[in-house]
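Visitor: input_29.cif is the file, holding mmCIF, C-alpha atoms, pLDDT in the B column; chains and numbers go by the auth columns:
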data_structure
#
loop_
_atom_site.group_PDB
_atom_site.id
_atom_site.type_symbol
_atom_site.label_atom_id
_atom_site.label_comp_id
_atom_site.label_asym_id
_atom_site.label_seq_id
_atom_site.Cartn_x
_atom_site.Cartn_y
_atom_site.Cartn_z
_atom_site.B_iso_or_equiv
_atom_site.auth_seq_id
_atom_site.auth_asym_id
ATOM 1 C CA MET A 1 -15.381 11.136 7.914 91.00 1 A
ATOM 2 C CA GLU A 2 -13.180 8.042 7.669 94.00 2 A
ATOM 3 C CA LEU A 3 -13.371 5.688 10.670 97.00 3 A
ATOM 4 C CA TRP A 4 -10.728 3.108 11.616 97.00 4 A
ATOM 5 C CA ASP A 5 -10.575 0.256 14.104 97.00 5 A
ATOM 6 C CA ALA A 6 -8.143 0.681 16.996 98.00 6 A
ATOM 7 C CA TYR A 7 -5.587 -2.047 17.700 97.00 7 A
ATOM 8 C CA ASP A 8 -3.120 -2.723 20.481 97.00 8 A
ATOM 9 C CA VAL A 9 0.595 -3.291 19.918 96.00 9 A
ATOM 10 C CA ASP A 10 -0.049 -7.027 19.325 96.00 10 A
ATOM 11 C CA PHE A 11 -2.655 -6.331 16.619 97.00 11 A
ATOM 12 C CA ARG A 12 -5.641 -7.199 18.767 97.00 12 A
ATOM 13 C CA LYS A 13 -8.699 -5.072 18.073 97.00 13 A
ATOM 14 C CA ILE A 14 -9.594 -2.777 20.971 97.00 14 A
ATOM 15 C CA GLU A 15 -13.341 -3.228 21.295 94.00 15 A
ATOM 16 C CA GLY A 16 -15.405 -0.063 21.677 94.00 16 A
ATOM 17 C CA LYS A 17 -12.630 2.216 20.363 96.00 17 A
ATOM 18 C CA THR A 18 -12.867 4.022 17.043 96.00 18 A
ATOM 19 C CA LEU A 19 -10.163 6.136 15.445 97.00 19 A
ATOM 20 C CA VAL A 20 -10.960 9.036 13.107 96.00 20 A
ATOM 21 C CA ARG A 21 -8.717 9.916 10.180 94.00 21 A
ATOM 22 C CA GLY A 22 -7.001 13.238 10.802 93.00 22 A
ATOM 23 C CA GLN A 23 -7.303 13.049 14.572 96.00 23 A
ATOM 24 C CA PRO A 24 -4.347 12.059 16.765 95.00 24 A
ATOM 25 C CA ILE A 25 -4.139 8.354 17.558 96.00 25 A
ATOM 26 C CA PRO A 26 -4.060 7.921 21.359 96.00 26 A
ATOM 27 C CA GLN A 27 -0.901 6.524 22.936 95.00 27 A
ATOM 28 C CA GLY A 28 -0.907 2.712 22.965 95.00 28 A
ATOM 29 C CA MET A 29 -3.289 2.463 20.017 97.00 29 A
ATOM 30 C CA TYR A 30 -2.534 1.628 16.395 97.00 30 A
ATOM 31 C CA HIS A 31 -4.367 1.542 13.088 96.00 31 A
ATOM 32 C CA LEU A 32 -4.107 -0.866 10.149 98.00 32 A
ATOM 33 C CA VAL A 33 -2.443 0.067 6.850 97.00 33 A
ATOM 34 C CA CYS A 34 -2.076 -2.238 3.831 96.00 34 A
ATOM 35 C CA ASP A 35 0.423 -1.917 0.974 93.00 35 A
ATOM 36 C CA ILE A 36 0.239 -3.911 -2.249 94.00 36 A
ATOM 37 C CA LEU A 37 3.113 -4.468 -4.661 92.00 37 A
ATOM 38 C CA VAL A 38 1.837 -5.381 -8.134 94.00 38 A
ATOM 39 C CA ARG A 39 3.843 -7.747 -10.337 92.00 39 A
ATOM 40 C CA HIS A 40 2.552 -8.507 -13.818 95.00 40 A
ATOM 41 C CA ALA A 41 2.658 -12.076 -15.106 95.00 41 A
ATOM 42 C CA ASP A 42 5.406 -10.935 -17.501 95.00 42 A
ATOM 43 C CA GLY A 43 7.640 -10.033 -14.524 92.00 43 A
ATOM 44 C CA THR A 44 7.314 -6.250 -14.599 94.00 44 A
ATOM 45 C CA TYR A 45 6.221 -4.171 -11.612 93.00 45 A
ATOM 46 C CA LEU A 46 3.672 -1.365 -11.448 95.00 46 A
ATOM 47 C CA ILE A 47 4.837 1.963 -10.045 93.00 47 A
ATOM 48 C CA MET A 48 2.570 4.959 -9.531 93.00 48 A
ATOM 49 C CA GLN A 49 3.516 8.644 -9.387 93.00 49 A
ATOM 50 C CA ARG A 50 1.941 10.609 -6.549 91.00 50 A
ATOM 51 C CA ASP A 51 -0.148 13.696 -7.260 91.00 51 A
ATOM 52 C CA ALA A 52 1.867 16.921 -6.866 91.00 52 A
ATOM 53 C CA CYS A 53 -0.560 18.133 -4.171 91.00 53 A
ATOM 54 C CA LYS A 54 0.153 15.150 -1.890 87.00 54 A
ATOM 55 C CA HIS A 55 2.940 14.848 0.657 83.00 55 A
ATOM 56 C CA HIS A 56 5.994 13.623 -1.301 83.00 56 A
ATOM 57 C CA GLY A 57 4.303 14.837 -4.479 85.00 57 A
ATOM 58 C CA LEU A 58 5.576 13.501 -7.811 89.00 58 A
ATOM 59 C CA MET A 59 7.639 10.768 -6.173 89.00 59 A
ATOM 60 C CA TRP A 60 7.035 7.208 -7.330 92.00 60 A
ATOM 61 C CA GLU A 61 5.468 4.503 -5.195 89.00 61 A
ATOM 62 C CA ALA A 62 5.999 0.812 -5.754 86.00 62 A
ATOM 63 C CA THR A 63 2.809 -0.022 -3.909 86.00 63 A
ATOM 64 C CA SER A 64 -0.792 0.991 -3.775 89.00 64 A
ATOM 65 C CA GLY A 65 -2.468 0.981 -0.421 90.00 65 A
ATOM 66 C CA GLY A 66 -3.827 2.868 2.525 92.00 66 A
ATOM 67 C CA SER A 67 -5.642 2.672 5.820 96.00 67 A
ATOM 68 C CA ALA A 68 -8.234 0.021 6.569 97.00 68 A
ATOM 69 C CA LEU A 69 -11.762 1.231 7.100 97.00 69 A
ATOM 70 C CA GLN A 70 -13.574 0.234 10.253 97.00 70 A
ATOM 71 C CA GLY A 71 -14.510 -3.449 10.106 97.00 71 A
ATOM 72 C CA GLU A 72 -12.098 -4.382 7.298 97.00 72 A
ATOM 73 C CA THR A 73 -9.620 -7.231 7.553 97.00 73 A
ATOM 74 C CA PRO A 74 -6.133 -6.710 6.116 97.00 74 A
ATOM 75 C CA LEU A 75 -7.056 -8.681 2.981 97.00 75 A
ATOM 76 C CA GLN A 76 -10.316 -6.759 2.451 97.00 76 A
ATOM 77 C CA CYS A 77 -8.435 -3.482 2.857 97.00 77 A
ATOM 78 C CA ALA A 78 -5.739 -4.554 0.408 97.00 78 A
ATOM 79 C CA LYS A 79 -8.240 -5.610 -2.264 97.00 79 A
ATOM 80 C CA ARG A 80 -10.227 -2.373 -1.893 96.00 80 A
ATOM 81 C CA GLU A 81 -7.164 -0.121 -1.971 95.00 81 A
ATOM 82 C CA LEU A 82 -5.713 -1.973 -4.962 96.00 82 A
ATOM 83 C CA HIS A 83 -8.947 -1.510 -6.903 96.00 83 A
ATOM 84 C CA GLU A 84 -9.418 2.145 -5.885 94.00 84 A
ATOM 85 C CA GLU A 85 -5.871 3.147 -6.773 93.00 85 A
ATOM 86 C CA THR A 86 -5.217 1.044 -9.899 95.00 86 A
ATOM 87 C CA GLY A 87 -8.510 -0.392 -11.144 95.00 87 A
ATOM 88 C CA ILE A 88 -7.081 -3.895 -10.733 97.00 88 A
ATOM 89 C CA VAL A 89 -9.446 -6.520 -9.348 96.00 89 A
ATOM 90 C CA ALA A 90 -7.527 -9.336 -7.675 92.00 90 A
ATOM 91 C CA ASP A 91 -9.095 -12.495 -6.305 84.00 91 A
ATOM 92 C CA GLU A 92 -5.944 -13.516 -4.482 87.00 92 A
ATOM 93 C CA LEU A 93 -3.209 -11.540 -2.798 95.00 93 A
ATOM 94 C CA ALA A 94 -0.282 -13.060 -0.933 94.00 94 A
ATOM 95 C CA GLN A 95 0.633 -11.522 2.403 93.00 95 A
ATOM 96 C CA VAL A 96 4.415 -11.211 2.282 90.00 96 A
ATOM 97 C CA GLY A 97 5.189 -9.089 5.309 88.00 97 A
ATOM 98 C CA ARG A 98 4.019 -7.300 8.398 92.00 98 A
ATOM 99 C CA THR A 99 5.640 -4.576 10.453 91.00 99 A
ATOM 100 C CA THR A 100 4.754 -1.954 13.022 94.00 100 A
ATOM 101 C CA GLU A 101 6.036 1.565 12.553 92.00 101 A
ATOM 102 C CA GLY A 102 4.910 4.564 14.562 93.00 102 A
ATOM 103 C CA GLN A 103 1.277 3.965 15.414 96.00 103 A
ATOM 104 C CA SER A 104 0.512 1.832 12.375 96.00 104 A
ATOM 105 C CA HIS A 105 0.469 -1.900 11.748 97.00 105 A
ATOM 106 C CA TYR A 106 1.532 -2.397 8.106 94.00 106 A
ATOM 107 C CA PHE A 107 0.485 -5.520 6.221 95.00 107 A
ATOM 108 C CA GLU A 108 2.381 -6.032 2.966 92.00 108 A
ATOM 109 C CA PHE A 109 0.816 -7.919 0.067 94.00 109 A
ATOM 110 C CA LEU A 110 2.000 -9.085 -3.342 92.00 110 A
ATOM 111 C CA CYS A 111 -0.432 -9.148 -6.267 94.00 111 A
ATOM 112 C CA VAL A 112 0.634 -11.220 -9.270 94.00 112 A
ATOM 113 C CA THR A 113 -1.721 -10.423 -12.136 95.00 113 A
ATOM 114 C CA ASP A 114 -2.253 -10.661 -15.873 95.00 114 A
ATOM 115 C CA TRP A 115 -4.423 -7.509 -15.782 96.00 115 A
ATOM 116 C CA PRO A 116 -4.131 -5.630 -19.116 97.00 116 A
ATOM 117 C CA LYS A 117 -1.214 -3.257 -18.575 97.00 117 A
ATOM 118 C CA GLN A 118 -2.894 -0.337 -20.342 96.00 118 A
ATOM 119 C CA ASN A 119 -6.030 -0.643 -18.159 96.00 119 A
ATOM 120 C CA ILE A 120 -4.599 0.993 -15.041 97.00 120 A
ATOM 121 C CA THR A 121 -6.934 3.598 -13.552 95.00 121 A
ATOM 122 C CA LEU A 122 -5.362 6.628 -11.884 93.00 122 A
ATOM 123 C CA GLN A 123 -7.168 7.776 -8.746 89.00 123 A
ATOM 124 C CA GLN A 124 -7.804 11.520 -8.957 90.00 124 A
ATOM 125 C CA GLY A 125 -5.992 13.408 -6.215 90.00 125 A
ATOM 126 C CA GLU A 126 -3.792 10.384 -5.487 89.00 126 A
ATOM 127 C CA THR A 127 -1.774 9.544 -8.611 91.00 127 A
ATOM 128 C CA VAL A 128 -0.880 11.245 -11.905 94.00 128 A
ATOM 129 C CA ASP A 129 1.084 8.612 -13.828 95.00 129 A
ATOM 130 C CA PHE A 130 2.045 4.954 -13.863 96.00 130 A
ATOM 131 C CA ARG A 131 4.735 2.801 -15.420 96.00 131 A
ATOM 132 C CA TRP A 132 5.552 -0.864 -15.647 97.00 132 A
ATOM 133 C CA VAL A 133 9.235 -1.371 -14.865 94.00 133 A
ATOM 134 C CA SER A 134 11.576 -4.331 -14.819 91.00 134 A
ATOM 135 C CA ARG A 135 12.715 -5.898 -11.590 85.00 135 A
ATOM 136 C CA ASN A 136 16.182 -4.390 -12.047 85.00 136 A
ATOM 137 C CA GLN A 137 14.740 -0.925 -12.702 88.00 137 A
ATOM 138 C CA LEU A 138 12.560 -1.154 -9.611 85.00 138 A
ATOM 139 C CA PHE A 139 15.288 -2.420 -7.321 79.00 139 A
ATOM 140 C CA SER A 140 17.746 0.215 -8.552 83.00 140 A
ATOM 141 C CA MET A 141 15.463 3.225 -8.012 82.00 141 A
ATOM 142 C CA SER A 142 17.092 5.761 -5.740 80.00 142 A
ATOM 143 C CA ALA A 143 15.639 7.005 -2.465 77.00 143 A
ATOM 144 C CA ASP A 144 15.029 10.440 -3.972 78.00 144 A
ATOM 145 C CA ARG A 145 12.673 8.939 -6.590 81.00 145 A
ATOM 146 C CA LEU A 146 11.023 5.990 -4.795 76.00 146 A
ATOM 147 C CA LEU A 147 8.944 6.891 -1.770 68.00 147 A
ATOM 148 C CA THR A 148 9.896 5.822 1.740 62.00 148 A
ATOM 149 C CA GLN A 149 12.635 3.703 3.161 60.00 149 A
ATOM 150 C CA ARG A 150 10.043 1.204 4.432 64.00 150 A
ATOM 151 C CA MET A 151 8.963 0.530 0.846 65.00 151 A
ATOM 152 C CA GLN A 152 12.544 0.042 -0.271 63.00 152 A
ATOM 153 C CA GLN A 153 13.055 -2.486 2.531 68.00 153 A
ATOM 154 C CA PHE A 154 9.855 -4.259 1.494 68.00 154 A
ATOM 155 C CA ILE A 155 11.058 -4.424 -2.119 69.00 155 A
ATOM 156 C CA GLU A 156 14.503 -5.693 -1.079 69.00 156 A
ATOM 157 C CA GLU A 157 12.883 -8.479 0.958 68.00 157 A
ATOM 158 C CA LEU A 158 10.983 -9.596 -2.151 67.00 158 A
ATOM 159 C CA GLN A 159 14.085 -9.866 -4.354 61.00 159 A
ATOM 160 C CA GLY A 160 14.359 -13.556 -3.601 57.00 160 A
ATOM 161 C CA ARG A 161 10.711 -14.328 -4.449 56.00 161 A
#
Would you write out, as structure tokens, the structure that this file holds?
Guide:
Amino acid sequence: MELWDAYDVDFRKIEGKTLVRGQPIPQGMYHLVCDILVRHADGTYLIMQRDACKHHGLMWEATSGGSALQGETPLQCAKRELHEETGIVADELAQVGRTTEGQSHYFEFLCVTDWPKQNITLQQGETVDFRWVSRNQLFSMSADRLLTQRMQQFIEELQGR
């Protein structure tokens, strides 16, 4: 059973409240989700293809990420999710955005790394393939190939960085 902290609309932890993955989040409560965009030192970006069994199966994601476990900060969540989903260990991540959508607070991070490109680890049940793509390839991916409008907005915001 995966447990999450509960937050209010202003991202203040609600003491004494625990959320459980798979159960409805009560009205007025939110949970924390972190997304990490990975840019290699050579300027290419990591994209991961979702497992066919997942919602939006076989679509590509420009970020790794997921829900924070109970007690995790956004940065701790981002580092854990990045490692679980790619194998990459990052000492530093830059927070580049934050938004609230539905009942989730999303924290967006950028990881710039020189991790060996061939050493990406696919997480069983999560991803089935990965590619390193140029900035132009990433920014020109269509909505029917790259998952979620929120991710496309996140990527567009990073074009100037």
Visitor: I would like the residues chosen by the PyMOL selection byres ((chain A and resi 63) around 7) on the shown file; could you give them as a list of chain:residue names?
Guide: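 Checked against the file, the PyMOL selection byres ((chain A and resi 63) around 7) matches A:Asp35, A:Ile36, A:Leu37, A:Val38, A:Ile47, A:Glu61, A:Ala62, A:Ser64, A:Gly65.
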Visitor: Take the residues from that selection and put them in a file with C-alpha atoms, as a PDB file, in the coordinates of the input.
Guide:
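Saved file result-v2.pdb follows:
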ATOM      1  CA  ASP A  35       0.423  -1.917   0.974  1.00 93.00           C
ATOM      2  CA  ILE A  36       0.239  -3.911  -2.249  1.00 94.00           C
ATOM      3  CA  LEU A  37       3.113  -4.468  -4.661  1.00 92.00           C
ATOM      4  CA  VAL A  38       1.837  -5.381  -8.134  1.00 94.00           C
ATOM      5  CA  ILE A  47       4.837   1.963 -10.045  1.00 93.00           C
ATOM      6  CA  GLU A  61       5.468   4.503  -5.195  1.00 89.00           C
ATOM      7  CA  ALA A  62       5.999   0.812  -5.754  1.00 86.00           C
ATOM      8  CA  SER A  64      -0.792   0.991  -3.775  1.00 89.00           C
ATOM      9  CA  GLY A  65      -2.468   0.981  -0.421  1.00 90.00           C
TER      10      GLY A  65
END
Visitor: How would you write, as a list in words, the residues chosen by the PyMOL selection byres ((chain A and resi 5) around 6) on this structure?
Guide: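 For this structure, the PyMOL selection byres ((chain A and resi 5) around 6) resolves to Trp4, Ala6, Thr18 and Gln70 of chain A.
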Visitor: Report the residues retrieved by the PyMOL selection byres ((chain A and resi 121-130) around 6) from the displayed file, expressed as a list of chain:residue names.
Guide: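 For this structure, the PyMOL selection byres ((chain A and resi 121-130) around 6) captures A:Ile47, A:Met48, A:Gln49, A:Arg50, A:Asp51, A:Glu85, A:Thr86, A:Gly87, A:Ile120, A:Arg131.
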Visitor: Measure the distance from atom CA of Cys77 of chain A to atom CA of Cys34 of chain A in Å and round it to one decimal.
Guide: 6.6 Å
Visitor: Go through A:Asp114, A:Asp8, A:Asp42, A:Glu2 one by one, measure the shortest atom-to-atom distance of each to Val89 of chain A using only C-alpha atoms, and give the residue with the smallest value.
Guide: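 Checking each candidate against Val89 of chain A, we get A:Asp114 as the closest.
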Visitor: Is it possible to get the residues within 6 Å of (-5.7, 1.3, 19.9) (coordinates as in the file, counting all atoms listed in the file) written as a VMD selection string?
Guide: chain A and resid 6 to 8 14 28 to 30
Visitor: Go through A:His56, A:Lys13, A:Lys79, A:Arg21 one by one, measure the shortest atom-to-atom distance of each to Met1 of chain A using only C-alpha atoms, and give the residue with the smallest value.
Guide: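 That would be A:Arg21, the residue with the smallest distance to Met1 of chain A.
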Visitor: Please indicate the distance in Å from atom CA of Gly102 of chain A to atom CA of Pro24 of chain A, rounded to one decimal place.
Guide: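 Atom CA of Gly102 of chain A sits 12.1 Å away from atom CA of Pro24 of chain A.
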Visitor: With all atoms listed in the file as the counted atoms, please give the residues lying no more than 12 Å from Tyr106 of chain A, apart from itself and same-chain residues fewer than 2 positions off, as a ChimeraX atom specification.
Guide: /A:7,9,11,30-36,65-68,74-75,77-78,95-104,108-109,150-151,154
Visitor: Rounded to one decimal place, report the atom CA of Met141 of chain A-atom CA of Trp60 of chain A distance in Å.
Guide: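 Separation between atom CA of Met141 of chain A and atom CA of Trp60 of chain A: 9.3 Å.
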Visitor: Which residue out of A:Ile25, A:Val112, A:Leu58, A:Ala52 has the minimum interatomic distance to Leu146 of chain A when only C-alpha atoms are used?
Guide: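 For Leu146 of chain A, the nearest of the given residues is A:Leu58.
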